Amino acid sequence: MTTEAPKQIPTPKAQKVLRLLLTQKVFTWSSAPAEVATCVQEAAQAGAKLVILPEMWNCPYSNESFPKYAEDIEAGNSRSVSAMSDSAKEAGITLVAGSIPESSSGKLYNTCCIFDEQGKLLAKHRKVHLFDIDIPGKITFKESETLTQGESFTVVDTPACRMGIGICYDLRFPELAMVYAQRGVQLIVYPGAFNMTTGPAHWELLQKARAVDNQLFIATCSPARDAGAGYTAWGHSMIIDPFAAIIAQTEEKATIVHAELDFAQVDERRQNMPLFKQKRFDLYGLVDKTLQ
């Protein structure tokens, strides 16, 4: 059994302070791409260089809706991807485009697309951990009835920073964030729609845990709350710094959240408390199997 410490990839050289904007909205399904394009343009006009959209922004959050609204990204006929690509290019921003249901080879995925300032699709993240829960008297939902889990991590180098991507339920799994930290990520983005049961209990707690354990920034973007929807989102999009301080947040209504992120804090916190170097890899370890 090896006790050698895994290699930690250094973070990129700290960029200038980044202005980040979260769009906590509920969009009209029939015109969602156009509405999102307007939001992205307004964000850019407000000085944002990185814009984040919520989970499943182009459809109702339900197993019945996922197949109906799914788009084939790889086939090149996704109206949502086309609209997001055009929006990122026109606004000149990096766009983490929340998530949409993706159809591919007969399967459905909960997929986040990331675009650069030229509108180029940099990466796709397919939700790794599916939301299958049963809390009697509260909520039962099983994404696995329609969706397929993703099979890879997603780390993206952008002019803004090095980002890792997760979607909603991925936030509950510390191993994902630990791998991202090991790969030199400075910011993990989680488009997500926690509900009225798990949201007040765990939404903020999990974000702070992921941030302080891995000494990096966390940003979450939820849909706004729609009390008349079949699935009611908690909202409360927020941004957490590497010391687990909330630097921006909102409540449940449709709004935008913005903040300035100084990525020098990541290196500073890791120098102040060199947690990775202090880990006891002779007693435990984390294996990134995708690199084997």
# chains A, B, ... in the order shown; residues from 1 in each chain; ligands from 1
$ residues_around --residues "Ser31 of chain A" --least-positions-apart "3" --cutoff "12 Å" --atoms "only C-alpha atoms" --output "short mmCIF file (atom, residue, chain, number, x, y, z; two decimals) with all heavy atoms, in the first residue's frame"
data_model
loop_
_atom_site.label_atom_id
_atom_site.label_comp_id
_atom_site.auth_asym_id
_atom_site.auth_seq_id
_atom_site.Cartn_x
_atom_site.Cartn_y
_atom_site.Cartn_z
N VAL A 26 -36.55 32.66 -12.66
CA VAL A 26 -37.38 31.62 -13.25
C VAL A 26 -37.77 32.13 -14.63
O VAL A 26 -38.34 33.21 -14.76
CB VAL A 26 -38.65 31.35 -12.42
CG1 VAL A 26 -39.57 30.37 -13.17
CG2 VAL A 26 -38.29 30.77 -11.06
N PHE A 27 -37.43 31.37 -15.66
CA PHE A 27 -37.66 31.82 -17.02
C PHE A 27 -38.92 31.19 -17.61
O PHE A 27 -39.35 30.11 -17.20
CB PHE A 27 -36.45 31.48 -17.89
CG PHE A 27 -35.18 32.12 -17.43
CD1 PHE A 27 -34.25 31.40 -16.68
CD2 PHE A 27 -34.92 33.45 -17.70
CE1 PHE A 27 -33.08 31.99 -16.23
CE2 PHE A 27 -33.75 34.06 -17.26
CZ PHE A 27 -32.82 33.34 -16.52
N THR A 28 -39.49 31.88 -18.58
CA THR A 28 -40.63 31.33 -19.32
C THR A 28 -40.10 30.29 -20.28
O THR A 28 -39.25 30.58 -21.12
CB THR A 28 -41.34 32.46 -20.11
OG1 THR A 28 -41.71 33.50 -19.21
CG2 THR A 28 -42.57 31.91 -20.81
N ALA A 34 -34.11 33.44 -25.09
CA ALA A 34 -34.11 34.88 -25.33
C ALA A 34 -34.04 35.66 -24.02
O ALA A 34 -33.34 36.68 -23.92
CB ALA A 34 -35.36 35.28 -26.12
N GLU A 35 -34.76 35.18 -23.02
CA GLU A 35 -34.74 35.85 -21.72
C GLU A 35 -33.37 35.76 -21.07
O GLU A 35 -32.87 36.72 -20.47
CB GLU A 35 -35.80 35.24 -20.80
CG GLU A 35 -37.23 35.51 -21.24
CD GLU A 35 -38.25 34.87 -20.31
OE1 GLU A 35 -37.89 34.53 -19.17
OE2 GLU A 35 -39.41 34.71 -20.72
N VAL A 36 -32.73 34.60 -21.20
CA VAL A 36 -31.40 34.43 -20.63
C VAL A 36 -30.40 35.33 -21.35
O VAL A 36 -29.52 35.94 -20.73
CB VAL A 36 -30.95 32.96 -20.72
CG1 VAL A 36 -29.48 32.81 -20.39
CG2 VAL A 36 -31.78 32.11 -19.75
N ALA A 37 -30.54 35.44 -22.67
CA ALA A 37 -29.64 36.31 -23.44
C ALA A 37 -29.72 37.75 -22.95
O ALA A 37 -28.70 38.44 -22.83
CB ALA A 37 -29.99 36.24 -24.92
N THR A 38 -30.92 38.19 -22.62
CA THR A 38 -31.09 39.54 -22.09
C THR A 38 -30.39 39.68 -20.74
O THR A 38 -29.71 40.68 -20.47
CB THR A 38 -32.59 39.87 -21.94
OG1 THR A 38 -33.21 39.82 -23.23
CG2 THR A 38 -32.78 41.26 -21.35
N TRP A 57 -32.69 25.66 -16.24
CA TRP A 57 -33.34 26.95 -16.47
C TRP A 57 -34.29 26.93 -17.68
O TRP A 57 -35.13 27.82 -17.83
CB TRP A 57 -32.30 28.05 -16.68
CG TRP A 57 -31.30 27.81 -17.78
CD1 TRP A 57 -30.04 27.28 -17.63
CD2 TRP A 57 -31.46 28.08 -19.17
NE1 TRP A 57 -29.42 27.20 -18.85
CE2 TRP A 57 -30.26 27.69 -19.82
CE3 TRP A 57 -32.49 28.61 -19.95
CZ2 TRP A 57 -30.07 27.82 -21.20
CZ3 TRP A 57 -32.31 28.74 -21.33
CH2 TRP A 57 -31.11 28.34 -21.93
N ASN A 58 -34.19 25.92 -18.53
CA ASN A 58 -35.02 25.92 -19.74
C ASN A 58 -36.23 25.00 -19.65
O ASN A 58 -36.92 24.78 -20.64
CB ASN A 58 -34.18 25.53 -20.96
CG ASN A 58 -33.86 24.04 -21.02
OD1 ASN A 58 -33.79 23.39 -19.98
ND2 ASN A 58 -33.68 23.51 -22.21
N CYS A 59 -36.51 24.46 -18.45
CA CYS A 59 -37.65 23.55 -18.34
C CYS A 59 -38.08 23.41 -16.88
O CYS A 59 -37.31 23.72 -15.97
CB CYS A 59 -37.30 22.17 -18.90
SG CYS A 59 -36.22 21.17 -17.85
N ARG A 79 -31.09 24.63 -29.36
CA ARG A 79 -31.39 26.07 -29.40
C ARG A 79 -30.84 26.77 -28.16
O ARG A 79 -30.42 27.94 -28.23
CB ARG A 79 -32.90 26.30 -29.53
CG ARG A 79 -33.73 25.94 -28.29
CD ARG A 79 -35.14 26.50 -28.36
NE ARG A 79 -35.83 26.33 -27.09
CZ ARG A 79 -36.77 27.15 -26.65
NH1 ARG A 79 -37.14 28.18 -27.38
NH2 ARG A 79 -37.35 26.93 -25.49
N SER A 80 -30.83 26.08 -27.03
CA SER A 80 -30.31 26.69 -25.82
C SER A 80 -28.81 26.93 -25.92
O SER A 80 -28.30 28.00 -25.56
CB SER A 80 -30.61 25.82 -24.61
OG SER A 80 -32.01 25.72 -24.39
N ALA A 83 -28.09 29.78 -28.30
CA ALA A 83 -28.40 31.06 -27.69
C ALA A 83 -27.34 31.45 -26.67
O ALA A 83 -26.92 32.62 -26.59
CB ALA A 83 -29.77 31.01 -27.03
#
$ residues_around --residues "Thr111 of chain A" --least-positions-apart "6" --cutoff "6 Å" --atoms "only C-alpha atoms" --output "VMD selection string"
chain A and resid 99 to 100 125 to 126
$ select_by_dssp --residues "segment 110-258 of chain A" --states "strand (DSSP E)" --output "JSON, numbers by chain"
{"A": [110, 111, 112, 113, 114, 115, 121, 122, 123, 124, 125, 126, 132, 133, 134, 135, 139, 140, 141, 142, 155, 156, 157, 162, 163, 164, 165, 187, 188, 189, 190, 191, 217, 218, 219, 220, 221, 238, 239, 240, 246, 247, 248, 249, 255, 256, 257, 258]}
$ select_by_dssp --residues "segment 7-213 of chain A" --states "helix (DSSP H, G or I)" --output "VMD selection string"
chain A and resid 29 to 45 65 to 69 79 to 91 143 to 145 168 to 172 174 to 182 198 to 213
$ residues_around --residues "Asp157 of chain A" --least-positions-apart "4" --cutoff "10 Å" --atoms "only C-alpha atoms" --output "list in words"
Pro12, Asp116, Leu122, Ala123, Cys161, Arg162, Met163, Gly164 and Val185 of chain A
$ residues_around --residues "segment 9-11 of chain A" --least-positions-apart "3" --cutoff "7 Å" --atoms "only C-alpha atoms" --output "list of chain:residue names"
A:Gln182, A:Arg183, A:Gly184, A:Val185, A:Gln186
$ residues_around --residues "Asp134 of chain A" --least-positions-apart "5" --cutoff "12 Å" --atoms "only C-alpha atoms" --output "VMD selection string"
chain A and resid 139 to 143 197 to 198
$ residues_around --residues "Lys49 of chain A" --least-positions-apart "3" --cutoff "10 Å" --atoms "only C-alpha atoms" --output "list in words"
Leu18, Arg19, Leu20, Leu21, Ala43, Ala44, Gln45, Ala46, Ala88, Ala91, Gly92, Ile93, Thr94, Leu95, Glu117, Pro159 and Ala160 of chain A
$ write_last_selection --atoms "C-alpha atoms" --output "PDB file, in the first residue's frame"
ATOM      1  CA  LEU A  18     -13.036  39.064 -10.929  1.00  0.00           C
ATOM      2  CA  ARG A  19     -16.573  40.416 -10.984  1.00  0.00           C
ATOM      3  CA  LEU A  20     -18.981  37.474 -10.868  1.00  0.00           C
ATOM      4  CA  LEU A  21     -22.749  37.584 -11.306  1.00  0.00           C
ATOM      5  CA  ALA A  43     -24.784  41.341 -16.520  1.00  0.00           C
ATOM      6  CA  ALA A  44     -21.991  42.319 -18.898  1.00  0.00           C
ATOM      7  CA  GLN A  45     -23.163  45.925 -18.865  1.00  0.00           C
ATOM      8  CA  ALA A  46     -22.909  45.794 -15.072  1.00  0.00           C
ATOM      9  CA  ALA A  88     -21.395  34.874 -24.314  1.00  0.00           C
ATOM     10  CA  ALA A  91     -21.378  40.118 -24.121  1.00  0.00           C
ATOM     11  CA  GLY A  92     -17.688  39.161 -24.103  1.00  0.00           C
ATOM     12  CA  ILE A  93     -17.994  37.151 -20.891  1.00  0.00           C
ATOM     13  CA  THR A  94     -17.334  33.638 -19.602  1.00  0.00           C
ATOM     14  CA  LEU A  95     -20.676  31.885 -19.134  1.00  0.00           C
ATOM     15  CA  GLU A 117     -15.846  35.160 -24.452  1.00  0.00           C
ATOM     16  CA  PRO A 159      -9.400  33.963 -18.448  1.00  0.00           C
ATOM     17  CA  ALA A 160     -11.381  34.386 -15.234  1.00  0.00           C
TER      18      ALA A 160
END
$ closest_residue --among "A:Trp203, A:Val128, A:Ala244, A:Gly98" --to "Pro191 of chain A" --atoms "only C-alpha atoms"
A:Gly98
$ residues_around --residues "Arg269 of chain A" --least-positions-apart "2" --cutoff "9 Å" --atoms "only C-alpha atoms" --output "PyMOL selection string"
chain A and resi 215-216+242-243+264-267+271-274
$ write_last_selection --atoms "all heavy atoms" --output "mmCIF file, in the first residue's frame"
data_model
loop_
_atom_site.group_PDB
_atom_site.id
_atom_site.type_symbol
_atom_site.label_atom_id
_atom_site.label_comp_id
_atom_site.auth_asym_id
_atom_site.auth_seq_id
_atom_site.Cartn_x
_atom_site.Cartn_y
_atom_site.Cartn_z
ATOM 1 N N GLN A 215 -10.276 25.247 0.746
ATOM 2 C CA GLN A 215 -9.648 26.572 0.687
ATOM 3 C C GLN A 215 -9.766 27.170 -0.715
ATOM 4 O O GLN A 215 -8.787 27.533 -1.344
ATOM 5 C CB GLN A 215 -8.198 26.462 1.145
ATOM 6 C CG GLN A 215 -8.078 25.971 2.595
ATOM 7 C CD GLN A 215 -6.665 25.672 3.013
ATOM 8 O OE1 GLN A 215 -5.980 24.861 2.392
ATOM 9 N NE2 GLN A 215 -6.208 26.315 4.079
ATOM 10 N N LEU A 216 -11.007 27.278 -1.159
ATOM 11 C CA LEU A 216 -11.297 27.865 -2.454
ATOM 12 C C LEU A 216 -12.667 28.544 -2.416
ATOM 13 O O LEU A 216 -13.366 28.492 -1.422
ATOM 14 C CB LEU A 216 -11.244 26.802 -3.566
ATOM 15 C CG LEU A 216 -11.845 25.412 -3.320
ATOM 16 C CD1 LEU A 216 -13.359 25.462 -3.212
ATOM 17 C CD2 LEU A 216 -11.443 24.465 -4.440
ATOM 18 N N PRO A 242 -12.734 31.422 0.522
ATOM 19 C CA PRO A 242 -11.957 30.273 1.015
ATOM 20 C C PRO A 242 -11.900 30.138 2.540
ATOM 21 O O PRO A 242 -11.429 29.115 3.040
ATOM 22 C CB PRO A 242 -10.555 30.520 0.443
ATOM 23 C CG PRO A 242 -10.773 31.379 -0.752
ATOM 24 C CD PRO A 242 -11.913 32.271 -0.383
ATOM 25 N N PHE A 243 -12.373 31.151 3.263
ATOM 26 C CA PHE A 243 -12.394 31.077 4.722
ATOM 27 C C PHE A 243 -13.814 30.878 5.236
ATOM 28 O O PHE A 243 -14.121 31.089 6.409
ATOM 29 C CB PHE A 243 -11.792 32.362 5.315
ATOM 30 C CG PHE A 243 -11.063 32.151 6.617
ATOM 31 C CD1 PHE A 243 -10.059 31.193 6.745
ATOM 32 C CD2 PHE A 243 -11.366 32.925 7.732
ATOM 33 C CE1 PHE A 243 -9.382 31.016 7.943
ATOM 34 C CE2 PHE A 243 -10.695 32.751 8.938
ATOM 35 C CZ PHE A 243 -9.698 31.796 9.044
ATOM 36 N N ALA A 264 -6.267 35.793 -5.130
ATOM 37 C CA ALA A 264 -5.063 35.757 -4.292
ATOM 38 C C ALA A 264 -5.391 35.180 -2.927
ATOM 39 O O ALA A 264 -4.515 34.650 -2.234
ATOM 40 C CB ALA A 264 -4.473 37.157 -4.158
ATOM 41 N N GLN A 265 -6.667 35.252 -2.526
ATOM 42 C CA GLN A 265 -7.078 34.694 -1.231
ATOM 43 C C GLN A 265 -6.861 33.186 -1.171
ATOM 44 O O GLN A 265 -6.609 32.636 -0.097
ATOM 45 C CB GLN A 265 -8.551 34.988 -0.974
ATOM 46 C CG GLN A 265 -8.873 36.417 -0.606
ATOM 47 C CD GLN A 265 -10.309 36.551 -0.144
ATOM 48 O OE1 GLN A 265 -10.805 35.729 0.640
ATOM 49 N NE2 GLN A 265 -10.994 37.560 -0.641
ATOM 50 N N VAL A 266 -6.994 32.518 -2.310
ATOM 51 C CA VAL A 266 -6.827 31.063 -2.317
ATOM 52 C C VAL A 266 -5.411 30.699 -1.890
ATOM 53 O O VAL A 266 -5.202 29.886 -0.975
ATOM 54 C CB VAL A 266 -7.145 30.482 -3.712
ATOM 55 C CG1 VAL A 266 -6.840 28.988 -3.753
ATOM 56 C CG2 VAL A 266 -8.600 30.750 -4.085
ATOM 57 N N ASP A 267 -4.429 31.312 -2.522
ATOM 58 C CA ASP A 267 -3.038 31.029 -2.170
ATOM 59 C C ASP A 267 -2.722 31.501 -0.751
ATOM 60 O O ASP A 267 -1.996 30.831 -0.009
ATOM 61 C CB ASP A 267 -2.098 31.706 -3.164
ATOM 62 C CG ASP A 267 -2.173 31.077 -4.540
ATOM 63 O OD1 ASP A 267 -2.472 29.868 -4.631
ATOM 64 O OD2 ASP A 267 -1.942 31.780 -5.539
ATOM 65 N N GLN A 271 -1.399 29.128 2.267
ATOM 66 C CA GLN A 271 -0.110 29.385 2.907
ATOM 67 C C GLN A 271 -0.282 29.537 4.412
ATOM 68 O O GLN A 271 0.550 29.056 5.195
ATOM 69 C CB GLN A 271 0.524 30.644 2.313
ATOM 70 C CG GLN A 271 1.004 30.480 0.882
ATOM 71 C CD GLN A 271 1.390 31.798 0.235
ATOM 72 O OE1 GLN A 271 1.385 32.850 0.869
ATOM 73 N NE2 GLN A 271 1.718 31.759 -1.055
ATOM 74 N N ASN A 272 -1.361 30.200 4.824
ATOM 75 C CA ASN A 272 -1.623 30.372 6.254
ATOM 76 C C ASN A 272 -1.843 29.038 6.955
ATOM 77 O O ASN A 272 -1.347 28.813 8.069
ATOM 78 C CB ASN A 272 -2.863 31.238 6.476
ATOM 79 C CG ASN A 272 -2.695 32.672 5.996
ATOM 80 O OD1 ASN A 272 -3.680 33.358 5.776
ATOM 81 N ND2 ASN A 272 -1.464 33.123 5.821
ATOM 82 N N MET A 273 -2.620 28.175 6.307
ATOM 83 C CA MET A 273 -2.916 26.841 6.846
ATOM 84 C C MET A 273 -2.706 25.825 5.726
ATOM 85 O O MET A 273 -3.623 25.552 4.945
ATOM 86 C CB MET A 273 -4.359 26.771 7.356
ATOM 87 C CG MET A 273 -4.619 27.599 8.586
ATOM 88 S SD MET A 273 -6.268 27.287 9.321
ATOM 89 C CE MET A 273 -7.339 27.967 8.057
ATOM 90 N N PRO A 274 -1.516 25.250 5.615
ATOM 91 C CA PRO A 274 -1.206 24.324 4.520
ATOM 92 C C PRO A 274 -1.826 22.942 4.730
ATOM 93 O O PRO A 274 -1.139 21.947 4.971
ATOM 94 C CB PRO A 274 0.322 24.265 4.545
ATOM 95 C CG PRO A 274 0.674 24.523 5.977
ATOM 96 C CD PRO A 274 -0.351 25.500 6.478
#
$ closest_residue --among "A:Phe217, A:Pro60, A:Thr290, A:Lys277" --to "Leu261 of chain A" --atoms "only C-alpha atoms"
A:Phe217
$ closest_residue --among "A:Glu71, A:Glu55, A:Glu151, A:Asp86" --to "Cys112 of chain A" --atoms "only C-alpha atoms"
A:Glu55
$ atom_distance --atom1 "atom CA of Ile239 of chain A" --atom2 "atom CA of Ser152 of chain A"
24.5 Å
$ closest_residue --among "A:Ile218, A:Ala211, A:Ile246, A:Leu108" --to "Ser65 of chain A" --atoms "only C-alpha atoms"
A:Leu108
